[in-house]
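Participant: Next comes the structure file start-v1.txt, holding compact mmCIF, C-alpha atoms.
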```
# COMPACT_ATOMS: atom_id res chain seq x y z
CA MET A 1 -13.08 -91.85 -181.75
CA LYS A 2 -11.79 -89.34 -184.27
CA VAL A 3 -14.32 -86.85 -185.58
CA ALA A 4 -13.84 -84.48 -188.52
CA VAL A 5 -15.61 -81.12 -188.72
CA VAL A 6 -15.48 -79.94 -192.32
CA GLN A 7 -15.00 -76.23 -192.89
CA PHE A 8 -16.29 -74.71 -196.12
CA PRO A 9 -15.82 -71.08 -197.13
CA GLY A 10 -18.72 -69.44 -195.28
CA SER A 11 -19.11 -72.05 -192.51
CA ASN A 12 -19.58 -70.21 -189.21
CA CYS A 13 -20.50 -72.86 -186.62
CA ASP A 14 -17.39 -74.91 -187.36
CA ARG A 15 -15.28 -73.73 -184.43
CA ASP A 16 -18.17 -73.97 -181.97
CA THR A 17 -18.71 -77.56 -183.04
CA VAL A 18 -15.03 -78.46 -182.68
CA HIS A 19 -14.98 -76.74 -179.26
CA VAL A 20 -17.91 -78.82 -177.99
CA LEU A 21 -16.58 -82.09 -179.41
CA LYS A 22 -13.10 -81.48 -177.97
CA ASN A 23 -13.59 -79.60 -174.73
CA VAL A 24 -17.05 -80.72 -173.65
CA MET A 25 -17.32 -84.23 -175.09
CA LYS A 26 -13.56 -84.90 -174.76
CA LEU A 27 -13.35 -86.40 -178.23
CA ASP A 28 -10.51 -86.27 -180.70
CA ALA A 29 -12.01 -83.69 -183.07
CA GLU A 30 -10.33 -81.94 -185.95
CA LEU A 31 -11.35 -78.91 -188.00
CA ILE A 32 -10.48 -79.61 -191.61
CA TRP A 33 -10.66 -77.42 -194.70
CA HIS A 34 -13.00 -78.89 -197.30
CA ASN A 35 -10.36 -79.24 -200.03
CA GLU A 36 -8.12 -81.22 -197.69
CA PHE A 37 -10.73 -83.57 -196.28
CA LYS A 38 -10.28 -87.25 -197.12
CA ASP A 39 -12.08 -90.38 -196.02
CA GLY A 40 -10.13 -93.06 -194.18
CA HIS A 41 -8.85 -91.01 -191.24
CA TYR A 42 -12.06 -90.47 -189.28
CA ASP A 43 -14.74 -92.43 -187.48
CA ALA A 44 -17.40 -89.76 -187.94
CA VAL A 45 -17.92 -86.45 -189.71
CA VAL A 46 -19.91 -83.31 -188.95
CA LEU A 47 -20.90 -80.72 -191.56
CA PRO A 48 -21.43 -77.59 -189.48
CA GLY A 49 -23.82 -74.70 -189.86
CA GLY A 50 -23.19 -71.44 -191.66
CA PHE A 51 -23.51 -70.12 -195.17
CA SER A 52 -21.20 -72.28 -197.25
CA PHE A 53 -20.26 -70.53 -200.50
CA GLY A 54 -22.54 -67.65 -199.51
CA ASP A 55 -25.66 -69.79 -199.98
CA HIS A 56 -25.36 -68.87 -203.66
CA LEU A 57 -27.98 -70.56 -205.83
CA ARG A 58 -29.40 -71.94 -202.55
CA GLY A 59 -28.10 -73.26 -199.25
CA GLY A 60 -25.73 -76.21 -199.61
CA THR A 61 -25.79 -76.55 -203.39
CA ILE A 62 -22.22 -75.56 -204.16
CA ALA A 63 -20.71 -77.32 -201.14
CA ALA A 64 -22.45 -80.51 -202.29
CA HIS A 65 -20.02 -80.52 -205.23
CA SER A 66 -16.91 -80.09 -203.08
CA PRO A 67 -14.43 -83.00 -203.09
CA ALA A 68 -15.09 -83.18 -199.32
CA THR A 69 -18.66 -84.14 -200.01
CA LYS A 70 -17.51 -87.10 -202.12
CA ALA A 71 -15.56 -88.34 -199.10
CA VAL A 72 -18.59 -87.75 -196.87
CA ILE A 73 -20.69 -89.87 -199.26
CA GLU A 74 -18.10 -92.67 -198.96
CA MET A 75 -18.17 -92.49 -195.16
CA ALA A 76 -21.96 -92.59 -195.24
CA GLY A 77 -21.77 -95.70 -197.44
CA ASP A 78 -19.42 -97.32 -194.91
CA GLY A 79 -22.03 -96.81 -192.19
CA LYS A 80 -20.06 -94.18 -190.27
CA PRO A 81 -21.97 -91.46 -188.41
CA VAL A 82 -22.51 -88.39 -190.61
CA LEU A 83 -24.21 -85.34 -189.10
CA GLY A 84 -25.30 -82.21 -190.95
CA ILE A 85 -26.32 -79.30 -188.76
CA CYS A 86 -28.34 -76.49 -190.34
CA ASN A 87 -26.35 -75.60 -193.48
CA GLY A 88 -24.78 -79.05 -193.12
CA PHE A 89 -28.30 -80.53 -193.40
CA GLN A 90 -28.82 -78.50 -196.58
CA ILE A 91 -25.54 -79.88 -197.97
CA LEU A 92 -26.54 -83.50 -197.19
CA ILE A 93 -29.83 -82.98 -199.04
CA GLU A 94 -28.18 -81.38 -202.05
CA ALA A 95 -25.60 -84.20 -202.08
CA GLY A 96 -28.45 -86.71 -202.31
CA LEU A 97 -27.67 -88.40 -198.97
CA LEU A 98 -30.98 -87.26 -197.49
CA PRO A 99 -34.35 -86.82 -199.17
CA GLY A 100 -36.36 -83.66 -199.72
CA ALA A 101 -35.64 -79.98 -199.96
CA LEU A 102 -35.15 -77.18 -197.45
CA LEU A 103 -37.10 -74.16 -198.64
CA ARG A 104 -37.35 -70.64 -197.34
CA ASN A 105 -39.33 -70.30 -194.09
CA THR A 106 -42.95 -69.42 -194.76
CA SER A 107 -42.62 -66.34 -192.52
CA LEU A 108 -39.76 -65.16 -194.81
CA LYS A 109 -37.93 -64.42 -191.55
CA PHE A 110 -34.62 -65.65 -190.25
CA VAL A 111 -35.82 -67.50 -187.15
CA CYS A 112 -33.38 -67.61 -184.23
CA LYS A 113 -34.86 -69.08 -181.04
CA TRP A 114 -34.80 -71.95 -178.59
CA MET A 115 -37.22 -74.71 -179.55
CA ASN A 116 -38.74 -77.68 -177.79
CA LEU A 117 -38.24 -80.77 -179.90
CA SER A 118 -39.67 -84.26 -179.62
CA ILE A 119 -37.63 -87.29 -180.59
CA ASP A 120 -39.42 -89.26 -183.28
CA SER A 121 -36.76 -91.89 -183.89
CA ASP A 122 -34.21 -93.22 -181.40
CA LYS A 123 -32.76 -95.60 -184.00
CA THR A 124 -30.24 -93.19 -185.50
CA ALA A 125 -26.56 -92.54 -184.87
CA PHE A 126 -27.43 -89.22 -183.25
CA THR A 127 -30.48 -90.11 -181.16
CA SER A 128 -29.64 -93.62 -179.92
CA SER A 129 -29.05 -92.37 -176.35
CA LEU A 130 -32.53 -90.81 -176.31
CA LYS A 131 -35.97 -92.41 -176.38
CA LYS A 132 -38.81 -91.87 -178.83
CA GLY A 133 -41.13 -89.26 -177.34
CA PHE A 134 -38.40 -87.55 -175.27
CA LYS A 135 -38.50 -83.76 -175.31
CA ILE A 136 -35.24 -81.83 -175.68
CA ARG A 137 -34.41 -78.15 -176.14
CA MET A 138 -32.05 -76.70 -178.72
CA PRO A 139 -31.91 -73.44 -180.62
CA ILE A 140 -32.52 -72.99 -184.32
CA ALA A 141 -31.13 -70.15 -186.45
CA HIS A 142 -31.98 -70.21 -190.13
CA ASN A 143 -33.89 -68.77 -193.04
CA GLU A 144 -34.14 -71.90 -195.20
CA GLY A 145 -35.36 -74.70 -192.98
CA ARG A 146 -38.78 -75.58 -194.30
CA PHE A 147 -38.42 -79.29 -195.01
CA PHE A 148 -40.45 -80.23 -198.07
CA VAL A 149 -41.29 -83.51 -199.77
CA ASP A 150 -44.60 -84.59 -201.24
CA GLU A 151 -47.21 -86.20 -198.96
CA LYS A 152 -46.54 -89.76 -200.17
CA VAL A 153 -42.84 -89.48 -199.37
CA LEU A 154 -43.68 -87.92 -195.99
CA ASP A 155 -45.85 -90.92 -195.17
CA SER A 156 -43.10 -93.35 -196.13
CA LEU A 157 -40.43 -91.42 -194.19
CA GLU A 158 -42.63 -91.55 -191.10
CA ALA A 159 -43.42 -95.24 -191.63
CA GLU A 160 -39.71 -96.06 -192.01
CA GLY A 161 -38.80 -94.14 -188.84
CA ARG A 162 -36.69 -91.66 -190.77
CA VAL A 163 -38.28 -88.58 -189.23
CA VAL A 164 -35.83 -88.04 -186.37
CA MET A 165 -37.12 -84.91 -184.62
CA LYS A 166 -40.15 -82.66 -184.77
CA TYR A 167 -40.83 -79.25 -183.28
CA ALA A 168 -42.94 -79.99 -180.23
CA ASP A 169 -45.07 -76.92 -179.54
CA GLU A 170 -45.08 -74.70 -182.60
CA ASN A 171 -43.96 -74.81 -186.19
CA PRO A 172 -41.50 -71.93 -186.59
CA THR A 173 -40.79 -72.31 -190.31
CA GLY A 174 -43.80 -73.92 -191.96
CA THR A 175 -41.84 -77.16 -192.24
CA SER A 176 -43.87 -80.23 -193.32
CA ARG A 177 -45.47 -81.92 -190.29
CA GLY A 178 -43.14 -79.98 -187.97
CA ILE A 179 -40.11 -81.96 -189.12
CA ALA A 180 -36.76 -80.66 -187.81
CA ALA A 181 -34.46 -83.63 -188.56
CA VAL A 182 -34.43 -86.65 -190.87
CA SER A 183 -32.14 -89.63 -191.46
CA ASN A 184 -31.15 -91.97 -194.26
CA GLU A 185 -32.42 -95.57 -194.31
CA LYS A 186 -29.59 -96.98 -192.19
CA GLY A 187 -29.85 -94.16 -189.64
CA ASN A 188 -26.15 -93.31 -189.77
CA VAL A 189 -26.73 -90.07 -191.71
CA VAL A 190 -28.79 -87.39 -189.95
CA GLY A 191 -29.57 -83.83 -190.98
CA MET A 192 -30.99 -81.47 -188.38
CA MET A 193 -31.90 -77.80 -188.35
CA PRO A 194 -31.40 -77.29 -184.56
CA HIS A 195 -27.89 -76.60 -183.26
CA PRO A 196 -26.70 -79.17 -180.69
CA GLU A 197 -23.35 -77.36 -180.43
CA ARG A 198 -25.16 -74.30 -179.10
CA ALA A 199 -26.90 -76.35 -176.43
CA SER A 200 -24.08 -78.30 -174.82
CA GLU A 201 -22.95 -76.05 -171.98
CA PRO A 202 -24.88 -74.57 -169.03
CA GLU A 203 -23.45 -71.11 -169.79
CA LEU A 204 -25.35 -71.18 -173.09
CA GLY A 205 -28.68 -72.08 -171.54
CA GLY A 206 -28.98 -75.80 -172.10
CA MET A 207 -27.13 -79.10 -172.36
CA ASP A 208 -29.49 -81.32 -174.35
CA GLY A 209 -27.22 -81.03 -177.39
CA ARG A 210 -24.73 -83.29 -175.62
CA ARG A 211 -27.16 -86.17 -176.04
CA ILE A 212 -26.74 -85.91 -179.82
CA PHE A 213 -22.97 -86.28 -179.57
CA GLU A 214 -23.22 -88.94 -176.84
CA SER A 215 -25.41 -90.95 -179.19
CA MET A 216 -22.73 -90.68 -181.88
CA VAL A 217 -20.12 -92.12 -179.49
CA GLU A 218 -22.48 -94.91 -178.42
CA TRP A 219 -23.38 -95.75 -182.03
CA ALA A 220 -19.71 -95.91 -183.06
CA ARG A 221 -18.95 -98.23 -180.15
CA CYS A 222 -21.66 -100.76 -181.05
CA MET B 1 -19.93 -73.28 -237.10
CA THR B 2 -21.07 -72.51 -233.58
CA LEU B 3 -23.13 -69.62 -232.34
CA ILE B 4 -23.65 -68.04 -228.93
CA PHE B 5 -27.19 -68.47 -227.59
CA SER B 6 -28.79 -66.62 -224.70
CA VAL B 7 -30.60 -69.13 -222.54
CA GLU B 8 -32.81 -68.40 -219.55
CA ILE B 9 -33.05 -70.92 -216.73
CA VAL B 10 -36.01 -70.32 -214.43
CA ILE B 11 -36.25 -72.23 -211.15
CA SER B 12 -39.47 -71.92 -209.18
CA ASN B 13 -41.24 -73.85 -206.44
CA LYS B 14 -43.60 -76.59 -207.63
CA PRO B 15 -47.29 -75.76 -207.20
CA GLN B 16 -47.46 -78.02 -204.10
CA ALA B 17 -44.63 -76.10 -202.41
CA ARG B 18 -45.83 -72.80 -200.99
CA ASP B 19 -44.05 -69.71 -202.26
CA PRO B 20 -44.28 -67.23 -199.35
CA GLU B 21 -42.47 -64.50 -201.26
CA GLY B 22 -45.01 -64.64 -204.09
CA GLU B 23 -47.86 -64.72 -201.56
CA THR B 24 -46.52 -61.63 -199.79
CA ILE B 25 -46.04 -59.71 -203.03
CA MET B 26 -49.62 -60.47 -204.05
CA ARG B 27 -51.19 -59.82 -200.64
CA ASP B 28 -49.21 -56.86 -199.34
CA LEU B 29 -48.32 -55.06 -202.54
CA ILE B 30 -50.53 -55.96 -205.47
CA HIS B 31 -53.90 -56.44 -203.73
CA LYS B 32 -53.32 -53.60 -201.26
CA SER B 33 -52.72 -51.33 -204.22
CA GLY B 34 -56.03 -52.34 -205.81
CA PHE B 35 -54.82 -54.69 -208.55
CA ASN B 36 -57.38 -57.29 -207.58
CA SER B 37 -57.44 -58.92 -210.98
CA VAL B 38 -54.14 -60.61 -210.11
CA LYS B 39 -54.99 -64.08 -208.80
CA GLU B 40 -51.59 -65.63 -208.20
CA VAL B 41 -47.94 -64.62 -207.95
CA ARG B 42 -45.10 -67.15 -208.01
CA THR B 43 -41.49 -66.07 -207.68
CA GLY B 44 -38.42 -67.87 -208.93
CA LYS B 45 -34.77 -67.55 -209.67
CA LEU B 46 -33.52 -66.62 -213.13
CA LEU B 47 -30.12 -67.62 -214.45
CA ALA B 48 -29.37 -65.92 -217.76
CA VAL B 49 -26.56 -67.85 -219.41
CA LYS B 50 -24.78 -67.53 -222.73
CA VAL B 51 -23.90 -70.85 -224.29
CA GLU B 52 -21.98 -71.87 -227.39
CA ALA B 53 -23.75 -74.45 -229.56
CA ALA B 54 -24.34 -75.45 -233.18
CA ASN B 55 -28.06 -74.70 -233.01
CA GLU B 56 -30.90 -73.75 -230.71
CA GLU B 57 -31.85 -77.33 -229.88
CA GLU B 58 -28.31 -78.25 -228.90
CA ALA B 59 -28.04 -75.13 -226.73
CA ARG B 60 -31.23 -76.10 -224.93
CA GLU B 61 -30.24 -79.74 -224.48
CA ASN B 62 -26.82 -78.81 -223.09
CA VAL B 63 -28.34 -76.43 -220.55
CA VAL B 64 -31.03 -78.90 -219.47
CA SER B 65 -28.52 -81.70 -218.93
CA MET B 66 -26.22 -79.32 -217.02
CA CYS B 67 -29.15 -78.36 -214.77
CA ASN B 68 -29.87 -82.04 -214.11
CA ASP B 69 -26.24 -83.11 -213.62
CA LEU B 70 -25.38 -80.28 -211.23
CA ARG B 71 -28.76 -80.17 -209.51
CA ILE B 72 -29.11 -76.50 -210.40
CA TYR B 73 -32.68 -77.11 -209.21
CA ASN B 74 -33.91 -79.56 -206.58
CA PRO B 75 -36.39 -81.76 -208.45
CA VAL B 76 -38.20 -82.59 -205.19
CA ALA B 77 -39.39 -79.01 -204.69
CA HIS B 78 -38.62 -77.05 -207.85
CA SER B 79 -39.74 -76.99 -211.42
CA LEU B 80 -37.32 -76.02 -214.13
CA SER B 81 -37.98 -74.05 -217.28
CA VAL B 82 -35.29 -73.52 -219.89
CA ARG B 83 -35.87 -71.22 -222.85
CA VAL B 84 -33.56 -70.14 -225.63
CA ARG B 85 -33.97 -66.45 -226.36
CA ALA B 86 -31.79 -65.91 -229.39
```
Output the file's structure in the form of structure tokens.

Facilitator:
Amino acid sequence: MKVAVVQFPGSNCDRDTVHVLKNVMKLDAELIWHNEFKDGHYDAVVLPGGFSFGDHLRGGTIAAHSPATKAVIEMAGDGKPVLGICNGFQILIEAGLLPGALLRNTSLKFVCKWMNLSIDSDKTAFTSSLKKGFKIRMPIAHNEGRFFVDEKVLDSLEAEGRVVMKYADENPTGTSRGIAAVSNEKGNVVGMMPHPERASEPELGGMDGRRIFESMVEWARC
Amino acid sequence: MTLIFSVEIVISNKPQARDPEGETIMRDLIHKSGFNSVKEVRTGKLLAVKVEAANEEEARENVVSMCNDLRIYNPVAHSLSVRVRA
């Protein structure tokens, strides 16, 4: 499968993500500048972490208006796997592909640490190789990761199985109900604050991130 | 004839969304300094824009629709206030 990793001005996890997809997962992955990204050439797309457009106004807002994001919306509509990691998650929210808002952490601190996560939904393109209730470890690194929606919407997201991952032991950011990742209705679009690309090689302290990308391959095959 | 209006766009968290910056300012600055009459602090982001329009109402309407079209605020978590200054 051919996977695009979209690079915005200010992305900084783009090369790590391409490295893992290419050299660890052995996939055909391509780093592509946001103005040059077009739908039709790829089976899946990843919006990587970083600080696109300097996080001006707030994380993800300006990138959500990039022509690349229009193509991402088309791919999402076609049912292709779309993953937003960290700043990529913020972009997917601001583009309207995922619900809610990502607000500043309640501690007001940039939190950078390994977290235990529990899988809440195994019905998405990025968790299909895992099982509900599984615990995995991945690091987070962000200042704006407090997922917020009102209580009614939280209830319906949980009922619909759209809460994908929760922090297992502690809530590092004040995020609603410990939520770390959510999906769209079909499950092909997932936004997550943890970084699977930083947890895919033993040298970096963990390999659970591979399961996210393995799920993507499995999902695309079915 | 058109005029230039100064318009202030204020984006702040809705009451249901905690504002940790406002809480810290109240707790660790205002209350610690003895200004205990202050009961709440909410922070926000201010965009001061200058906009060309025929009148005040048109200036306001243009700015509000721009804020909605471009999602200058996230309606899930933020409230928006737009005021024309002059």

Participant: For chain B, report every residue with an atom at most 10 Å from chain A (counting only C-alpha atoms), formatted as a VMD selection string.

Facilitator: chain B and resid 11 13 16 to 21 23 to 24 45 to 47 70 to 78

Participant: Between atom CA of Gly187 of chain A and atom CA of Asp14 of chain A, what is the distance in Å, rounded to a tenth?

Facilitator: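 Rounded to one decimal, the two atoms are 23.0 Å apart.
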
Participant: What does the structure give for the distance between atom CA of Glu214 of chain A and atom CA of Asn171 of chain A, in Å to one decimal?

Facilitator: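 Computing the Euclidean distance for atom CA of Glu214 of chain A and atom CA of Asn171 of chain A yields 26.8 Å.
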
Participant: Do you have the atom CA of Ala220 of chain A-atom CA of Val189 of chain A distance handy?

Facilitator: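 Separation of atom CA of Ala220 of chain A and atom CA of Val189 of chain A: 12.6 Å.
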
Participant: Have a look at A:Tyr42, A:Tyr167, A:Phe134, A:Phe51 and name the one nearest to Ala4 of chain A; count all atoms listed in the file.

Facilitator: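 Smallest distance to Ala4 of chain A is found for A:Tyr42.
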
Participant: For Ala141 of chain A, which residue out of A:Ala159, A:Cys112, A:Leu154, A:Val5 is the nearest one, using all atoms listed in the file?

Facilitator: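 Going through A:Ala159, A:Cys112, A:Leu154, A:Val5 one by one, the smallest distance to Ala141 of chain A is for A:Cys112.
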
Participant: For segment 46-48 of chain A, work out the shell of residues within 6 Å, counting all atoms listed in the file and skipping chain neighbours fewer than 4 positions away, then give it as an MDAnalysis selection string.

Facilitator: chainID A and resid 5:6 13:14 82:85 88

Participant: Just the residues within 8 Å of Val41 of chain B, please, counting all atoms listed in the file, with nothing from its chain fewer than 5 positions along; format it as JSON, numbers by chain.

Facilitator: {"B": [22, 23, 25, 26]}

Participant: Enclose the full set of atoms of segment 169-180 of chain A listed in the file within a box whose edges lie along x, y and z, apply 4 Å of padding to each of the six sides, and report centre and edge lengths in Å to one decimal as lines of an AutoDock Vina configuration file.

Facilitator:
```
center_x = -41.1
center_y = -76.9
center_z = -186.4
size_x = 16.7
size_y = 18.0
size_z = 21.8
```
